Amino acid sequence: MVYPSPFYLIVPVCTRARGNSNMGDFVSKSVVKSAERVLATPFASKDAMNTIISDVITENPWGCTSYESGGETIAGVQKSSEYYTGTVVYENVEGKQVGRISVRSSSSGAFDTNISTILANTAISSAMGGTGSHDSSEDGYSVTLKCHTASGELYNVTFKRDKVTVSSYESDTILTTIETWADTVSGLA
């Protein structure tokens, strides 16, 4: 087969304008927002963080309202997720790290129990060839509160060791309410 010179490539062109196709378009239904406050000083301990969270749940400073779901009444603010992480490090007599165990627990109490159990286990220490220690300055924690507003909006507030995040909200009044409250809590500066 012989091709004319120069070689031309013929490409069909779509004649439909964008948005005029027979297919449906995605249409925005809401604008979900997220905001984060990085703490000037991370929480000193999980207990310090959990004290603030307990106060939010019992005192309800954000004015969250209960609601019905699946025939049940759901509290206006409640924990929806929680975990704690840490590491037990093993060092030999020369101070060289010879092993480590990562710990992740679903509650503060379980975390304390797991760390204590690992540290007390002489069989693990012997197998590692060193002595275990737990440096709590490297621990991580995350607790997410699910909140419901009087207008029916659900949003989340996640507390971590070094920041607080408000997510899945649409109304700016939610962020304003939480920010105003946070400004009054010394641990959230």
# chains A, B, ... in the order shown; residues from 1 in each chain; ligands from 1
>>> residues_around(residues="Ala182 (chain A)", least_positions_apart="4", cutoff="12 Å", atoms="only C-alpha atoms", output="PyMOL selection string")
chain A and resi 36-39+52-53+56+61-62+157+159+163-166+175-178+186-189
>>> select_by_dssp(residues="chain A", states="strand (DSSP E)", output="PDB file with C-alpha atoms, in the first residue's frame")
ATOM      1  CA  LYS A  33     -15.425  21.290  54.940  1.00  0.00           C
ATOM      2  CA  SER A  34     -12.541  20.407  57.199  1.00  0.00           C
ATOM      3  CA  ALA A  35     -10.440  22.576  59.526  1.00  0.00           C
ATOM      4  CA  GLU A  36      -7.480  21.812  61.749  1.00  0.00           C
ATOM      5  CA  ARG A  37      -5.945  23.445  64.821  1.00  0.00           C
ATOM      6  CA  VAL A  38      -2.340  22.449  65.439  1.00  0.00           C
ATOM      7  CA  TYR A  67     -31.431  12.353  67.150  1.00  0.00           C
ATOM      8  CA  GLU A  68     -33.259   9.225  65.999  1.00  0.00           C
ATOM      9  CA  SER A  69     -31.587   6.600  63.826  1.00  0.00           C
ATOM     10  CA  GLU A  72     -32.930   4.424  68.535  1.00  0.00           C
ATOM     11  CA  THR A  73     -32.167   7.728  70.197  1.00  0.00           C
ATOM     12  CA  ILE A  74     -28.520   8.634  69.595  1.00  0.00           C
ATOM     13  CA  VAL A  77     -22.123  13.897  70.927  1.00  0.00           C
ATOM     14  CA  GLN A  78     -20.438  10.526  71.317  1.00  0.00           C
ATOM     15  CA  LYS A  79     -17.171   8.732  70.608  1.00  0.00           C
ATOM     16  CA  SER A  80     -17.196   7.118  67.178  1.00  0.00           C
ATOM     17  CA  SER A  81     -13.587   5.928  67.108  1.00  0.00           C
ATOM     18  CA  GLU A  82     -10.694   5.697  69.513  1.00  0.00           C
ATOM     19  CA  TYR A  83      -7.172   4.252  69.475  1.00  0.00           C
ATOM     20  CA  TYR A  84      -3.848   4.592  71.259  1.00  0.00           C
ATOM     21  CA  THR A  85      -0.405   3.625  69.950  1.00  0.00           C
ATOM     22  CA  GLY A  86       2.998   3.254  71.507  1.00  0.00           C
ATOM     23  CA  THR A  87       6.224   1.291  71.394  1.00  0.00           C
ATOM     24  CA  VAL A  88       8.152  -0.816  73.854  1.00  0.00           C
ATOM     25  CA  VAL A  89      11.865  -0.672  73.006  1.00  0.00           C
ATOM     26  CA  TYR A  90      14.374  -3.315  74.101  1.00  0.00           C
ATOM     27  CA  GLU A  91      18.038  -2.436  74.682  1.00  0.00           C
ATOM     28  CA  GLN A  97      18.404  -1.329  70.563  1.00  0.00           C
ATOM     29  CA  VAL A  98      17.815  -5.031  69.932  1.00  0.00           C
ATOM     30  CA  GLY A  99      14.049  -5.110  69.496  1.00  0.00           C
ATOM     31  CA  ARG A 100      10.775  -3.251  69.647  1.00  0.00           C
ATOM     32  CA  ILE A 101       7.103  -4.047  69.960  1.00  0.00           C
ATOM     33  CA  SER A 102       4.421  -1.721  68.593  1.00  0.00           C
ATOM     34  CA  VAL A 103       1.215  -1.536  70.575  1.00  0.00           C
ATOM     35  CA  ARG A 104      -2.190  -0.372  69.345  1.00  0.00           C
ATOM     36  CA  SER A 105      -5.229  -0.500  71.607  1.00  0.00           C
ATOM     37  CA  THR A 131      15.396  -4.843  78.807  1.00  0.00           C
ATOM     38  CA  GLY A 132      12.128  -3.247  77.704  1.00  0.00           C
ATOM     39  CA  SER A 133      11.122   0.356  78.286  1.00  0.00           C
ATOM     40  CA  HIS A 134       8.186   2.499  77.238  1.00  0.00           C
ATOM     41  CA  GLY A 140      -0.033   8.544  69.674  1.00  0.00           C
ATOM     42  CA  TYR A 141      -3.701   8.903  70.429  1.00  0.00           C
ATOM     43  CA  SER A 142      -6.793   9.587  68.381  1.00  0.00           C
ATOM     44  CA  VAL A 143     -10.379  10.012  69.542  1.00  0.00           C
ATOM     45  CA  THR A 144     -13.136  11.053  67.152  1.00  0.00           C
ATOM     46  CA  LEU A 145     -16.399  12.511  68.403  1.00  0.00           C
ATOM     47  CA  LYS A 146     -19.475  12.340  66.191  1.00  0.00           C
ATOM     48  CA  CYS A 147     -21.747  15.337  66.717  1.00  0.00           C
ATOM     49  CA  HIS A 148     -25.276  16.261  65.606  1.00  0.00           C
ATOM     50  CA  LEU A 154     -23.563  15.458  61.447  1.00  0.00           C
ATOM     51  CA  TYR A 155     -19.867  16.285  61.766  1.00  0.00           C
ATOM     52  CA  ASN A 156     -16.727  14.893  63.417  1.00  0.00           C
ATOM     53  CA  VAL A 157     -14.156  16.350  65.793  1.00  0.00           C
ATOM     54  CA  THR A 158     -10.928  14.353  66.038  1.00  0.00           C
ATOM     55  CA  PHE A 159      -8.495  14.899  68.888  1.00  0.00           C
ATOM     56  CA  LYS A 160      -4.928  13.739  68.346  1.00  0.00           C
ATOM     57  CA  LYS A 163      -3.976  18.701  66.756  1.00  0.00           C
ATOM     58  CA  VAL A 164      -7.748  18.890  66.684  1.00  0.00           C
ATOM     59  CA  THR A 165      -9.615  18.486  63.390  1.00  0.00           C
ATOM     60  CA  VAL A 166     -13.222  19.394  62.640  1.00  0.00           C
ATOM     61  CA  SER A 167     -14.431  17.543  59.545  1.00  0.00           C
ATOM     62  CA  SER A 168     -17.488  16.758  57.449  1.00  0.00           C
ATOM     63  CA  TYR A 169     -19.280  19.980  58.315  1.00  0.00           C
TER      64      TYR A 169
END
>>> closest_residue(among="A:Lys46, A:Asp172, A:Ser108, A:Glu179", to="Val31 (chain A)", atoms="only C-alpha atoms")
A:Asp172
>>> closest_residue(among="A:Ser116, A:Ser137, A:Thr184, A:Asn60", to="Ala75 (chain A)", atoms="only C-alpha atoms")
A:Asn60
>>> closest_residue(among="A:Ser54, A:Asn92, A:Ser171, A:Ser106", to="Ala127 (chain A)", atoms="only C-alpha atoms")
A:Asn92
>>> atom_distance(atom1="CA of Asn50 (chain A)", atom2="CA of Ser107 (chain A)")
10.6 Å
>>> select_by_dssp(residues="region 8-182 of chain A", states="alpha helix (DSSP H)", output="PyMOL selection string")
chain A and resi 46-59+108-120+122-128+172-182
>>> write_last_selection(atoms="N, CA and C atoms", output="tab-separated table (two decimals), in the first residue's frame")
chain	number	residue	atom	x	y	z
A	46	LYS	N	-2.25	11.06	77.45
A	46	LYS	CA	-3.58	10.68	76.96
A	46	LYS	C	-4.65	11.06	77.98
A	47	ASP	N	-4.28	11.05	79.25
A	47	ASP	CA	-5.24	11.44	80.28
A	47	ASP	C	-5.63	12.91	80.17
A	48	ALA	N	-4.67	13.77	79.83
A	48	ALA	CA	-4.97	15.20	79.64
A	48	ALA	C	-5.95	15.38	78.48
A	49	MET	N	-5.72	14.66	77.39
A	49	MET	CA	-6.62	14.75	76.24
A	49	MET	C	-8.00	14.19	76.60
A	50	ASN	N	-8.01	13.04	77.26
A	50	ASN	CA	-9.29	12.40	77.59
A	50	ASN	C	-10.11	13.19	78.60
A	51	THR	N	-9.46	13.99	79.44
A	51	THR	CA	-10.20	14.86	80.36
A	51	THR	C	-11.02	15.88	79.57
A	52	ILE	N	-10.40	16.47	78.55
A	52	ILE	CA	-11.12	17.44	77.71
A	52	ILE	C	-12.26	16.75	76.96
A	53	ILE	N	-12.00	15.56	76.43
A	53	ILE	CA	-13.03	14.83	75.69
A	53	ILE	C	-14.20	14.47	76.61
A	54	SER	N	-13.91	14.02	77.81
A	54	SER	CA	-14.98	13.69	78.77
A	54	SER	C	-15.83	14.92	79.08
A	55	ASP	N	-15.17	16.07	79.22
A	55	ASP	CA	-15.90	17.31	79.47
A	55	ASP	C	-16.83	17.64	78.30
A	56	VAL	N	-16.35	17.44	77.07
A	56	VAL	CA	-17.19	17.72	75.90
A	56	VAL	C	-18.41	16.81	75.90
A	57	ILE	N	-18.20	15.52	76.20
A	57	ILE	CA	-19.31	14.57	76.19
A	57	ILE	C	-20.31	14.86	77.30
A	58	THR	N	-19.83	15.19	78.49
A	58	THR	CA	-20.76	15.41	79.62
A	58	THR	C	-21.35	16.81	79.64
A	59	GLU	N	-20.56	17.83	79.29
A	59	GLU	CA	-21.03	19.21	79.37
A	59	GLU	C	-21.67	19.71	78.07
A	108	SER	N	-7.97	3.60	76.30
A	108	SER	CA	-6.88	4.07	77.13
A	108	SER	C	-6.49	3.00	78.16
A	109	GLY	N	-7.47	2.40	78.80
A	109	GLY	CA	-7.21	1.36	79.80
A	109	GLY	C	-6.53	0.14	79.20
A	110	ALA	N	-7.00	-0.28	78.03
A	110	ALA	CA	-6.40	-1.43	77.35
A	110	ALA	C	-4.96	-1.14	76.97
A	111	PHE	N	-4.69	0.09	76.56
A	111	PHE	CA	-3.33	0.48	76.21
A	111	PHE	C	-2.41	0.34	77.42
A	112	ASP	N	-2.82	0.89	78.56
A	112	ASP	CA	-2.02	0.79	79.79
A	112	ASP	C	-1.77	-0.67	80.17
A	113	THR	N	-2.82	-1.49	80.08
A	113	THR	CA	-2.70	-2.91	80.41
A	113	THR	C	-1.73	-3.62	79.46
A	114	ASN	N	-1.84	-3.34	78.17
A	114	ASN	CA	-0.96	-3.98	77.19
A	114	ASN	C	0.50	-3.60	77.43
A	115	ILE	N	0.77	-2.32	77.65
A	115	ILE	CA	2.15	-1.89	77.90
A	115	ILE	C	2.69	-2.56	79.16
A	116	SER	N	1.93	-2.55	80.23
A	116	SER	CA	2.37	-3.18	81.49
A	116	SER	C	2.62	-4.67	81.32
A	117	THR	N	1.73	-5.34	80.62
A	117	THR	CA	1.86	-6.79	80.40
A	117	THR	C	3.13	-7.11	79.61
A	118	ILE	N	3.38	-6.34	78.57
A	118	ILE	CA	4.58	-6.57	77.74
A	118	ILE	C	5.84	-6.32	78.56
A	119	LEU	N	5.87	-5.21	79.30
A	119	LEU	CA	7.05	-4.89	80.11
A	119	LEU	C	7.32	-5.93	81.20
A	120	ALA	N	6.26	-6.55	81.73
A	120	ALA	CA	6.42	-7.54	82.80
A	120	ALA	C	6.75	-8.93	82.28
A	122	THR	N	8.89	-11.58	81.15
A	122	THR	CA	10.33	-11.90	81.13
A	122	THR	C	10.69	-12.78	79.93
A	123	ALA	N	9.77	-13.59	79.44
A	123	ALA	CA	10.06	-14.44	78.27
A	123	ALA	C	10.33	-13.56	77.04
A	124	ILE	N	9.57	-12.48	76.89
A	124	ILE	CA	9.79	-11.57	75.76
A	124	ILE	C	11.13	-10.87	75.93
A	125	SER	N	11.43	-10.39	77.12
A	125	SER	CA	12.71	-9.72	77.36
A	125	SER	C	13.88	-10.64	77.04
A	126	SER	N	13.77	-11.88	77.47
A	126	SER	CA	14.83	-12.87	77.23
A	126	SER	C	14.97	-13.13	75.72
A	127	ALA	N	13.86	-13.30	75.04
A	127	ALA	CA	13.90	-13.55	73.59
A	127	ALA	C	14.47	-12.35	72.83
A	128	MET	N	14.17	-11.15	73.30
A	128	MET	CA	14.68	-9.94	72.66
A	128	MET	C	16.16	-9.73	72.96
A	172	ASP	N	-20.66	27.04	58.58
A	172	ASP	CA	-19.53	27.72	59.22
A	172	ASP	C	-19.78	28.01	60.70
A	173	THR	N	-21.04	28.01	61.12
A	173	THR	CA	-21.34	28.25	62.54
A	173	THR	C	-20.81	27.11	63.41
A	174	ILE	N	-20.71	25.91	62.84
A	174	ILE	CA	-20.16	24.77	63.59
A	174	ILE	C	-18.71	25.06	63.94
A	175	LEU	N	-17.93	25.47	62.97
A	175	LEU	CA	-16.52	25.77	63.22
A	175	LEU	C	-16.38	26.95	64.18
A	176	THR	N	-17.20	27.96	64.01
A	176	THR	CA	-17.14	29.13	64.89
A	176	THR	C	-17.42	28.73	66.33
A	177	THR	N	-18.43	27.89	66.54
A	177	THR	CA	-18.78	27.42	67.88
A	177	THR	C	-17.63	26.65	68.52
A	178	ILE	N	-17.03	25.73	67.76
A	178	ILE	CA	-15.94	24.92	68.31
A	178	ILE	C	-14.70	25.77	68.54
A	179	GLU	N	-14.42	26.67	67.63
A	179	GLU	CA	-13.24	27.53	67.79
A	179	GLU	C	-13.38	28.45	68.99
A	180	THR	N	-14.56	29.00	69.19
A	180	THR	CA	-14.81	29.86	70.34
A	180	THR	C	-14.62	29.08	71.64
A	181	TRP	N	-15.15	27.85	71.68
A	181	TRP	CA	-14.98	26.99	72.84
A	181	TRP	C	-13.50	26.66	73.06
A	182	ALA	N	-12.81	26.25	71.98
A	182	ALA	CA	-11.41	25.84	72.09
A	182	ALA	C	-10.52	26.97	72.62
>>> atom_distance(atom1="CA of Asn121 (chain A)", atom2="CA of Ser45 (chain A)")
24.4 Å
